[in-house]
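**Student:** target.txt is reproduced below (compact mmCIF, C-alpha atoms).
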```
# COMPACT_ATOMS: atom_id res chain seq x y z
CA MET V 1 27.55 -6.60 134.21
CA LEU V 2 26.48 -10.00 135.43
CA ASP V 3 28.51 -12.00 137.91
CA ILE V 4 30.68 -14.46 135.95
CA LYS V 5 30.76 -16.71 139.03
CA LEU V 6 26.95 -16.90 139.02
CA ILE V 7 26.91 -17.79 135.31
CA ARG V 8 29.59 -20.42 135.88
CA GLU V 9 27.90 -22.03 138.89
CA ASN V 10 24.22 -21.69 137.94
CA PRO V 11 23.89 -21.24 134.16
CA ALA V 12 20.37 -22.69 134.08
CA TYR V 13 19.11 -19.99 136.45
CA VAL V 14 20.77 -17.23 134.43
CA ARG V 15 19.29 -18.58 131.20
CA GLU V 16 15.83 -18.76 132.77
CA ARG V 17 15.92 -15.17 134.07
CA LEU V 18 17.32 -13.76 130.82
CA ALA V 19 14.67 -15.63 128.82
CA THR V 20 11.94 -13.71 130.67
CA ARG V 21 13.19 -10.55 128.95
CA HIS V 22 12.28 -12.00 125.53
CA GLY V 23 15.43 -10.57 123.94
CA GLY V 24 17.23 -13.81 123.15
CA ASP V 25 20.11 -12.98 125.49
CA GLU V 26 19.98 -16.40 127.13
CA ALA V 27 21.68 -17.76 124.01
CA GLN V 28 24.85 -15.93 125.00
CA VAL V 29 25.29 -17.94 128.21
CA ASP V 30 26.95 -20.82 126.34
CA THR V 31 29.32 -18.39 124.63
CA VAL V 32 30.27 -16.92 128.00
CA LEU V 33 30.88 -20.36 129.49
CA GLN V 34 33.05 -21.42 126.55
CA LEU V 35 35.16 -18.27 126.65
CA ASP V 36 35.45 -18.42 130.42
CA GLU V 37 36.58 -22.05 130.30
CA LYS V 38 39.11 -21.26 127.59
CA ARG V 39 40.46 -18.27 129.57
CA ARG V 40 40.83 -20.30 132.76
CA ALA V 41 42.56 -23.18 130.93
CA LEU V 42 44.99 -20.74 129.33
CA LEU V 43 45.75 -19.15 132.69
CA VAL V 44 46.46 -22.57 134.23
CA GLU V 45 48.84 -23.39 131.38
CA VAL V 46 50.61 -20.04 131.77
CA GLU V 47 51.08 -20.58 135.50
CA GLN V 48 52.43 -24.08 134.90
CA LEU V 49 54.90 -22.79 132.33
CA LYS V 50 56.03 -20.01 134.66
CA ALA V 51 56.63 -22.58 137.40
CA SER V 52 58.62 -24.71 134.94
CA ARG V 53 60.68 -21.69 133.88
CA ASN V 54 61.48 -20.94 137.53
CA ARG V 55 62.63 -24.51 138.12
CA VAL V 56 64.79 -24.49 135.00
CA SER V 57 66.29 -21.12 136.01
CA LYS V 58 67.33 -22.63 139.35
CA ASP V 59 68.84 -25.59 137.50
CA ILE V 60 70.91 -23.19 135.39
CA GLY V 61 72.41 -21.61 138.48
CA ALA V 62 73.30 -25.01 139.91
CA LEU V 63 74.87 -26.20 136.65
CA MET V 64 76.89 -23.00 136.32
CA GLY V 65 78.18 -23.54 139.83
CA GLN V 66 79.25 -27.07 138.85
CA LYS V 67 80.99 -25.72 135.71
CA LYS V 68 78.64 -27.79 133.51
CA LEU V 69 78.44 -25.03 130.92
CA ALA V 70 77.06 -27.06 128.02
CA GLU V 71 74.17 -28.34 130.10
CA ALA V 72 73.57 -24.82 131.41
CA GLU V 73 73.38 -23.44 127.86
CA ALA V 74 70.83 -26.14 126.96
CA LYS V 75 68.72 -25.10 129.94
CA LYS V 76 68.96 -21.45 128.86
CA THR V 77 67.59 -22.42 125.45
CA GLU V 78 64.76 -24.25 127.20
CA THR V 79 63.89 -21.17 129.30
CA ARG V 80 63.78 -19.00 126.15
CA GLU V 81 61.43 -21.48 124.48
CA ILE V 82 59.22 -21.51 127.57
CA GLY V 83 59.29 -17.71 127.59
CA ASP V 84 58.20 -17.58 123.94
CA ARG V 85 55.35 -19.97 124.72
CA ILE V 86 54.26 -17.82 127.67
CA THR V 87 54.25 -14.71 125.46
CA LEU V 88 51.96 -16.44 122.94
CA LEU V 89 49.65 -17.68 125.69
CA ASP V 90 49.50 -14.23 127.32
CA LYS V 91 48.33 -12.85 123.99
CA SER V 92 45.68 -15.58 123.75
CA VAL V 93 44.55 -14.81 127.32
CA ALA V 94 44.19 -11.11 126.49
CA GLU V 95 42.23 -11.86 123.31
CA THR V 96 39.95 -14.31 125.11
CA GLU V 97 39.34 -11.90 127.97
CA ALA V 98 38.50 -9.13 125.48
CA ALA V 99 36.04 -11.41 123.69
CA LEU V 100 34.47 -12.48 127.00
CA ASN V 101 34.18 -8.86 128.17
CA ALA V 102 32.55 -7.83 124.88
CA VAL V 103 29.85 -10.48 125.33
CA MET V 104 29.35 -9.70 129.03
CA LEU V 105 28.94 -5.97 128.34
CA ARG V 106 26.02 -6.74 126.01
CA MET V 107 24.15 -9.01 128.43
CA PRO V 108 21.33 -7.25 130.34
CA ASN V 109 20.64 -7.51 134.04
CA LEU V 110 18.55 -10.33 135.50
CA PRO V 111 14.98 -9.31 136.42
CA HIS V 112 14.21 -9.50 140.13
CA SER V 113 11.88 -12.30 141.20
CA THR V 114 9.11 -9.80 142.05
CA VAL V 115 8.98 -8.37 138.52
CA ALA V 116 5.85 -9.34 136.57
CA LEU V 117 6.39 -11.68 133.63
CA GLY V 118 5.50 -10.18 130.27
CA SER V 119 6.82 -9.31 126.83
CA THR V 120 5.37 -5.86 126.09
CA ALA V 121 4.33 -2.64 127.81
CA ALA V 122 0.71 -3.77 127.58
CA GLU V 123 1.50 -6.30 130.32
CA ASN V 124 2.84 -3.77 132.83
CA PRO V 125 0.68 -3.97 136.00
CA VAL V 126 -0.61 -0.71 137.51
CA ILE V 127 0.52 -0.53 141.14
CA ARG V 128 -1.44 2.52 142.27
CA VAL V 129 -3.33 5.55 141.00
CA HIS V 130 -3.23 9.05 142.47
CA GLY V 131 -6.07 11.51 141.97
CA GLU V 132 -8.47 11.75 139.08
CA ALA V 133 -8.27 13.19 135.60
CA SER V 134 -9.30 16.83 135.45
CA ALA V 135 -12.85 17.58 134.38
CA PHE V 136 -13.20 20.65 132.14
CA ALA V 137 -16.30 22.70 131.34
CA PHE V 138 -14.64 23.38 127.98
CA LYS V 139 -12.68 21.35 125.45
CA PRO V 140 -9.09 21.27 126.78
CA LYS V 141 -6.38 22.48 124.44
CA THR V 142 -3.24 20.54 123.62
CA HIS V 143 0.08 21.80 124.94
CA ILE V 144 0.95 22.89 121.41
CA GLU V 145 -2.08 25.18 121.27
CA ILE V 146 -1.40 26.51 124.76
CA CYS V 147 2.29 27.13 124.05
CA GLU V 148 1.50 29.01 120.85
CA GLN V 149 -1.32 31.07 122.35
CA LEU V 150 0.65 32.02 125.48
CA GLN V 151 3.97 32.24 123.59
CA LEU V 152 5.65 29.69 125.87
CA VAL V 153 7.56 27.78 123.20
CA ASP V 154 8.52 28.85 119.69
CA PHE V 155 8.49 25.52 117.87
CA ALA V 156 9.28 26.93 114.44
CA ARG V 157 12.34 28.90 115.53
CA GLY V 158 13.58 26.00 117.67
CA THR V 159 13.55 23.90 114.51
CA LYS V 160 15.25 26.71 112.58
CA LEU V 161 18.06 26.79 115.13
CA SER V 162 18.78 23.07 115.54
CA GLY V 163 16.38 21.00 113.46
CA SER V 164 13.34 18.99 114.50
CA GLY V 165 13.21 17.73 118.07
CA PHE V 166 14.64 20.87 119.69
CA LEU V 167 12.70 23.50 121.65
CA LEU V 168 13.03 27.26 122.07
CA TYR V 169 11.35 28.26 125.32
CA THR V 170 10.30 31.91 125.44
CA ASN V 171 9.15 34.40 128.07
CA TRP V 172 6.85 32.64 130.61
CA GLY V 173 7.75 29.29 129.07
CA ALA V 174 11.44 29.79 129.81
CA LYS V 175 10.60 31.03 133.30
CA LEU V 176 8.33 28.05 133.99
CA GLU V 177 10.99 25.58 132.83
CA ARG V 178 13.57 27.23 135.09
CA ALA V 179 11.10 27.35 138.01
CA LEU V 180 10.34 23.65 137.67
CA ILE V 181 14.04 22.75 137.73
CA GLN V 182 14.65 24.87 140.83
CA PHE V 183 11.53 23.49 142.54
CA LEU V 184 12.63 19.91 141.89
CA LEU V 185 16.15 20.48 143.21
CA ASP V 186 14.91 22.30 146.31
CA LEU V 187 12.32 19.62 147.06
CA HIS V 188 14.75 16.71 146.83
CA THR V 189 17.62 18.37 148.68
CA GLU V 190 15.64 20.14 151.40
CA GLN V 191 12.91 17.57 152.06
CA HIS V 192 14.12 14.21 150.72
CA GLY V 193 17.71 14.20 151.91
CA TYR V 194 19.65 14.27 148.62
CA THR V 195 22.93 16.09 148.11
CA GLU V 196 22.94 18.33 145.04
CA VAL V 197 25.74 17.90 142.52
CA ALA V 198 26.29 19.66 139.21
CA PRO V 199 28.01 17.19 136.86
CA PRO V 200 29.68 17.71 133.49
CA TYR V 201 27.34 17.41 130.52
CA ILE V 202 30.01 15.61 128.50
CA VAL V 203 31.37 12.26 129.71
CA GLY V 204 33.87 9.64 128.61
CA ARG V 205 32.93 6.34 127.04
CA HIS V 206 33.85 4.53 130.28
CA CYS V 207 31.05 6.35 132.10
CA MET V 208 28.52 5.32 129.45
CA GLU V 209 29.68 1.71 129.75
CA GLY V 210 29.55 1.95 133.53
CA VAL V 211 25.81 2.65 133.65
CA GLY V 212 24.98 0.29 130.79
CA GLN V 213 24.30 2.90 128.10
CA PHE V 214 27.10 1.42 126.00
CA PRO V 215 27.51 -0.64 123.97
CA LYS V 216 23.75 -1.32 123.62
CA PHE V 217 22.60 2.27 123.06
CA LEU V 218 25.60 3.61 121.18
CA ASP V 219 23.33 4.39 118.20
CA GLN V 220 21.27 6.81 120.33
CA ALA V 221 24.20 8.89 121.61
CA TYR V 222 25.56 12.24 120.49
CA ALA V 223 29.33 11.88 120.09
CA VAL V 224 31.53 14.95 120.55
CA GLN V 225 34.37 15.94 118.25
CA GLU V 226 37.07 18.22 119.61
CA GLY V 227 37.46 20.98 117.03
CA LEU V 228 38.79 19.57 113.77
CA ASP V 229 40.31 16.48 115.37
CA THR V 230 38.25 13.66 113.82
CA SER V 231 40.23 11.08 115.82
CA SER V 232 38.58 12.40 119.00
CA ILE V 233 35.15 11.07 117.95
CA GLY V 234 34.13 8.20 120.22
CA GLN V 235 35.95 9.43 123.30
CA LEU V 236 33.39 11.89 124.71
CA TYR V 237 29.59 12.02 124.54
CA LEU V 238 26.78 14.40 125.51
CA VAL V 239 24.96 12.93 128.50
CA PRO V 240 21.68 11.11 127.76
CA THR V 241 20.85 11.62 131.45
CA ALA V 242 22.71 12.84 134.53
CA GLU V 243 22.81 9.19 135.63
CA ALA V 244 25.85 8.71 133.38
CA PRO V 245 28.16 11.10 135.27
CA VAL V 246 26.57 10.97 138.72
CA ALA V 247 26.39 7.19 139.14
CA ASN V 248 30.08 7.08 138.13
CA ILE V 249 31.24 9.65 140.70
CA HIS V 250 32.69 6.91 142.92
CA ARG V 251 33.78 4.49 140.19
CA GLU V 252 36.94 2.50 140.98
CA GLU V 253 36.64 3.44 144.66
CA ILE V 254 36.17 1.43 147.82
CA LEU V 255 33.69 3.35 149.96
CA LYS V 256 33.54 3.17 153.72
CA PHE V 257 30.48 1.51 155.20
CA SER V 258 29.78 4.75 157.09
CA GLN V 259 29.44 6.63 153.78
CA LEU V 260 26.35 4.67 152.77
CA PRO V 261 23.67 5.35 151.80
CA ILE V 262 24.75 8.04 149.33
CA ARG V 263 21.96 10.08 147.73
CA TYR V 264 22.64 12.56 144.91
CA ALA V 265 20.31 14.91 143.02
CA ALA V 266 21.48 16.55 139.80
CA TYR V 267 20.02 18.70 137.08
CA SER V 268 21.18 18.31 133.51
CA PRO V 269 19.98 18.75 129.97
CA CYS V 270 19.66 15.31 128.35
CA PHE V 271 20.63 14.57 124.75
CA ARG V 272 19.25 11.56 122.89
CA ALA V 273 19.68 11.06 119.18
CA GLU V 274 17.08 8.26 119.00
CA ALA V 275 18.39 6.50 115.89
CA GLY V 276 15.84 6.20 113.14
CA ALA V 277 13.70 9.01 114.56
CA ALA V 278 14.50 11.71 112.04
CA GLY V 279 11.80 14.32 112.45
CA LEU V 280 10.56 12.34 115.47
CA GLY V 281 7.23 11.84 113.74
CA THR V 282 5.37 14.23 116.02
CA ARG V 283 5.13 17.96 116.61
CA GLY V 284 5.37 19.35 120.09
CA MET V 285 7.23 18.43 123.27
CA ILE V 286 6.52 14.72 123.78
CA ARG V 287 9.58 13.36 121.97
CA VAL V 288 12.55 15.65 121.66
CA HIS V 289 16.31 15.29 121.25
CA GLN V 290 17.11 17.64 124.15
CA PHE V 291 15.17 17.91 127.39
CA ASP V 292 15.80 18.87 131.01
CA LYS V 293 15.72 16.46 133.93
CA VAL V 294 16.52 16.27 137.61
CA GLU V 295 18.05 12.85 138.27
CA LEU V 296 18.18 11.02 141.60
CA ILE V 297 20.97 8.51 142.29
CA LYS V 298 21.42 6.25 145.31
CA ILE V 299 24.35 4.04 146.29
CA VAL V 300 23.29 1.69 149.08
CA THR V 301 24.03 -1.70 150.62
CA PRO V 302 22.25 -4.69 149.04
CA GLU V 303 20.17 -5.03 152.21
CA GLN V 304 18.85 -1.49 151.68
CA GLY V 305 18.32 -1.76 147.92
CA TYR V 306 14.62 -2.47 147.62
CA GLU V 307 13.51 -0.38 150.59
CA GLU V 308 15.40 2.53 149.03
CA LEU V 309 13.72 1.86 145.68
CA GLU V 310 10.27 2.32 147.24
CA LYS V 311 11.45 5.56 148.86
CA LEU V 312 12.85 6.73 145.53
CA VAL V 313 9.49 6.20 143.84
CA ASN V 314 7.74 8.07 146.65
CA ASN V 315 10.16 10.99 146.23
CA ALA V 316 9.31 11.25 142.53
CA GLU V 317 5.59 10.88 143.20
CA ARG V 318 5.72 13.76 145.66
CA VAL V 319 6.58 16.09 142.80
CA LEU V 320 3.34 15.30 140.99
CA GLN V 321 1.26 15.39 144.17
CA LEU V 322 2.48 18.88 145.03
CA LEU V 323 1.75 20.08 141.50
CA GLY V 324 -1.81 18.73 141.61
CA LEU V 325 -1.36 16.20 138.80
CA HIS V 326 -3.15 12.90 138.25
CA TYR V 327 -0.84 9.94 137.67
CA HIS V 328 -0.38 6.22 138.07
CA VAL V 329 2.60 4.01 138.95
CA ILE V 330 3.34 0.90 136.93
CA ASN V 331 5.80 -1.94 137.49
CA LEU V 332 7.59 -2.69 134.22
CA CYS V 333 7.29 -6.33 133.22
CA THR V 334 10.34 -8.43 132.35
CA GLY V 335 10.06 -7.75 128.62
CA ASP V 336 9.75 -3.97 128.99
CA MET V 337 12.52 -3.31 131.50
CA GLY V 338 15.63 -1.26 130.82
CA PHE V 339 18.94 -2.96 130.05
CA ALA V 340 20.64 -2.33 133.42
CA SER V 341 17.62 -2.64 135.68
CA ALA V 342 16.62 -5.50 137.98
CA LYS V 343 13.31 -3.83 138.84
CA THR V 344 11.70 -0.63 137.56
CA TYR V 345 8.68 1.47 138.42
CA ASP V 346 7.47 4.02 135.88
CA ILE V 347 5.38 7.01 136.89
CA GLU V 348 3.05 8.23 134.15
CA VAL V 349 1.27 11.55 134.50
CA TRP V 350 -2.08 12.29 132.84
CA ALA V 351 -2.02 14.93 130.10
CA PRO V 352 -5.65 15.86 129.31
CA GLY V 353 -4.81 17.64 126.06
CA GLN V 354 -3.16 14.45 124.82
CA ASN V 355 -5.82 12.24 126.42
CA GLN V 356 -3.06 9.89 127.55
CA TYR V 357 -0.51 9.15 130.24
CA LEU V 358 3.06 10.35 129.71
CA GLU V 359 6.09 8.82 131.41
CA VAL V 360 7.83 11.43 133.56
CA SER V 361 9.84 9.18 135.87
CA SER V 362 11.49 5.80 135.72
CA CYS V 363 12.89 4.50 139.04
CA SER V 364 15.15 1.46 139.00
CA ASN V 365 17.29 -0.69 141.22
CA CYS V 366 20.17 -1.96 139.12
CA GLU V 367 21.45 -4.01 142.07
CA ASP V 368 25.22 -4.62 141.64
CA PHE V 369 25.07 -4.67 137.82
CA GLN V 370 26.45 -1.14 137.34
CA ALA V 371 28.80 -1.31 140.34
CA ARG V 372 30.53 -4.32 138.78
CA ARG V 373 30.92 -2.49 135.45
CA MET V 374 32.51 0.53 137.13
CA SER V 375 34.53 -1.39 139.79
CA LEU V 376 32.75 0.35 142.67
CA ARG V 377 32.84 -1.40 146.04
CA TYR V 378 32.32 -0.67 149.71
CA LYS V 379 33.93 -2.16 152.81
CA THR V 380 31.54 -3.83 155.23
CA GLU V 381 31.74 -3.40 158.99
CA GLU V 382 33.50 -6.80 159.04
CA GLY V 383 36.12 -5.51 156.61
CA ASP V 384 34.97 -7.37 153.48
CA ASN V 385 34.75 -5.67 150.09
CA ARG V 386 31.27 -5.91 148.52
CA LEU V 387 29.43 -4.45 145.57
CA PRO V 388 26.70 -1.91 146.44
CA HIS V 389 23.31 -1.54 144.82
CA ILE V 390 22.99 1.52 142.56
CA LEU V 391 19.56 3.06 142.02
CA ASN V 392 18.46 5.78 139.64
CA GLY V 393 15.24 7.70 139.17
CA SER V 394 13.88 10.72 137.36
CA GLY V 395 12.80 13.27 139.87
CA THR V 396 11.33 14.20 137.36
CA ALA V 397 11.83 14.68 133.63
CA LEU V 398 10.79 17.65 131.56
CA ALA V 399 9.38 18.50 129.02
CA ARG V 400 6.55 16.02 129.66
CA LEU V 401 6.01 17.39 133.17
CA PHE V 402 5.74 20.83 131.54
CA VAL V 403 3.14 19.41 129.12
CA ALA V 404 1.03 17.77 131.83
CA LEU V 405 1.16 20.86 134.03
CA ILE V 406 -0.03 23.39 131.47
CA GLU V 407 -2.65 21.02 130.05
CA THR V 408 -4.00 20.14 133.52
CA HIS V 409 -4.09 23.70 134.85
CA GLN V 410 -5.35 25.49 131.73
CA GLN V 411 -8.31 27.80 132.30
CA ALA V 412 -11.36 28.64 130.24
CA ASP V 413 -10.00 32.12 129.45
CA GLY V 414 -6.83 30.59 127.96
CA SER V 415 -4.55 31.34 130.92
CA VAL V 416 -2.70 28.68 132.94
CA LEU V 417 -3.06 28.55 136.71
CA ILE V 418 0.26 28.10 138.55
CA PRO V 419 0.26 25.52 141.39
CA ASP V 420 1.07 26.95 144.83
CA PRO V 421 4.58 25.42 145.17
CA LEU V 422 5.74 27.16 141.98
CA ARG V 423 4.37 30.61 142.77
CA PRO V 424 7.37 31.75 144.87
CA TYR V 425 9.63 30.96 141.91
CA LEU V 426 7.48 32.61 139.24
CA LYS V 427 6.06 35.38 141.47
CA THR V 428 2.64 34.99 139.88
CA ASP V 429 -0.42 32.78 140.29
CA ARG V 430 -1.07 32.37 136.58
CA ILE V 431 0.39 32.74 133.10
CA PRO V 432 -1.87 35.26 131.36
CA VAL V 433 -2.99 35.41 127.77
CA PRO V 434 -0.83 38.05 126.04
CA THR V 435 -2.63 41.23 125.21
CA ALA V 436 -2.93 42.08 121.55
CA ALA V 437 -0.24 44.42 120.29
```
Could you express the structure from this file as structure tokens?

**Tutor:**
Amino acid sequence: MLDIKLIRENPAYVRERLATRHGGDEAQVDTVLQLDEKRRALLVEVEQLKASRNRVSKDIGALMGQKKLAEAEAKKTETREIGDRITLLDKSVAETEAALNAVMLRMPNLPHSTVALGSTAAENPVIRVHGEASAFAFKPKTHIEICEQLQLVDFARGTKLSGSGFLLYTNWGAKLERALIQFLLDLHTEQHGYTEVAPPYIVGRHCMEGVGQFPKFLDQAYAVQEGLDTSSIGQLYLVPTAEAPVANIHREEILKFSQLPIRYAAYSPCFRAEAGAAGLGTRGMIRVHQFDKVELIKIVTPEQGYEELEKLVNNAERVLQLLGLHYHVINLCTGDMGFASAKTYDIEVWAPGQNQYLEVSSCSNCEDFQARRMSLRYKTEEGDNRLPHILNGSGTALARLFVALIETHQQADGSVLIPDPLRPYLKTDRIPVPTAA
């Protein structure tokens, strides 16, 4: 959530930064200012009336002491009338605050000054490139062909179980998925300094609002119903990413300065309905409703925010480097950034069977945008309460990492070579072609 004080004191700046997103959100600044002004005027009137009621109440006591009962009764009538007016104004204050909050919850974060200006993904600058695309002495297969030949994923039965967009990993495919998750968690906790947490996979609406998933992406969420209780719909949701529970771990707390920086790593399945994507329009593993991911979350002081963002990106890049994958890092332009982010780097890995780059990590500094939504603060060394920066990053996401890995390391005989860091988990150096029954 944006700072209402910033909007109040520098609306032109807020409009200018929102306009760079090309979403039309700058038009809401006037609405915010009007509602804020109305709310503040109502609060002033309420306070004035309460002061008047206090004065009249004192007058009543004095009049009663002087035995001026008629005048005292008149003052009592006046206090009741003031009380009725206060009740009406309190209701107006609550309604105005609700309206203001509804608008504020839908306003995205302001892009950082270092973010490239642009309206579409085509304008995202490439920051750096690692490695080169694999050269094959044969025509590389797609991940679909590899998965079917090596019996890694049963696409047809996955669809039979849950519909399109769901995967059934089998045999070496299931083992490889599990090995990748364990490798990612071990790497980030043992080498990058993160603390592993295992969050719930179902969270309350307040957590979704806290990270900025709601209300904007409500149409992409899987809502949970408790048994036959239809009234429970809208209270709990399957997580779209572990960011939703993990970033909210310290919501409504005041952290000690000595606790920062906090770094969490968490595995979770991720559930995304993607409204309007019935059938998802593609076969395979590129766009699915359920996928696995290891998420990285940081809670840091504002002074640490952007240094920690660069470290976060490097942590995610290390995954791809160790697995021998070619990738590039891009800086999302203002028009392509996520709702809650002030600055985002995407890491896209090369998938030779697809002949394209696939996003496997998105690393963002949301500055104090999420902290304000979840009432998370920390106490400075001077004793002041401040809002921390909250960062999130994929470290990394599957199934696209799975796709890039098997397409990059496929061999001429149809097998898939296993990168060295994964061999201790899989206890093999390659996934072989199944022998004919």

**Student:** Would you pick out the contacts of V:Leu309 at 10 Å or less, using all atoms listed in the file, so that residues sharing its chain but fewer than 2 positions from it are not included, and give the list as a list in words?

**Tutor:**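 Once the nearby chain positions are removed, what remains is Lys298, Gln304, Gly305, Tyr306, Glu307, Lys311, Leu312, Val313, Asn314, Asn315, Lys343, Thr344, Tyr345, Cys363, Ser364, Asn365, Cys366, Ile390, Leu391, Asn392 and Gly393 of chain V.
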
**Student:** So that I can check the surroundings of stretch 221-228 of chain V, please list as a VMD selection string every protein, DNA and RNA residue that reaches within 8 Å of it, counting all atoms listed in the file and ignoring chain neighbours fewer than 6 positions away.

**Tutor:** chain V and resid 234 to 238 240 271 to 274

**Student:** Excluding V:Ala412 and residues on its chain fewer than 5 positions from it, collect all residues at most 9 Å away from it, counting all atoms listed in the file, and give them as a list in words.

**Tutor:**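 My reading of the contact set: Phe136, Ala137, Phe138, Lys139 and Pro140 of chain V.
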
**Student:** Just the number, please: distance in Å from atom CA of V:Ile202 to atom CA of V:Ala266, one decimal.

**Tutor:**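 Separating atom CA of V:Ile202 from atom CA of V:Ala266 is a distance of 14.2 Å.
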
**Student:** I'd like the interatomic distance between atom CA of V:Asp346 and atom CA of V:Val360, to a tenth of an Å.

**Tutor:**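 Atom-to-atom, atom CA of V:Asp346 to atom CA of V:Val360, that is 7.8 Å.
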
**Student:** For V:Phe155, list every protein, DNA or RNA residue within 8 Å, evaluated using all atoms listed in the file, and leave out those in the same chain fewer than 5 positions away; present the list as a PyMOL selection string.

**Tutor:** chain V and resi 166-168+284

**Student:** Tell me which protein, DNA and RNA residues are within 10 Å of V:Phe402, counting only C-alpha atoms, leaving out same-chain ones fewer than 6 positions away, and put them as a list in words.

**Tutor:**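 Answer for this query is His143, Gly173, Leu176, Glu177, Leu180, Met285, Ile286, Ala351, Val360 and Thr408 of chain V.
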
**Student:** Hey, can you check how far atom CA of V:Gly131 sits from atom CA of V:Leu332?

**Tutor:**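 The value is 21.2 Å.
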
**Student:** Smallest atom-to-atom distance to V:Ser119: which of V:Glu37, V:Asp336, V:Glu348, V:Glu16, using all atoms listed in the file?

**Tutor:**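 For V:Ser119, the nearest of the candidates is V:Asp336.
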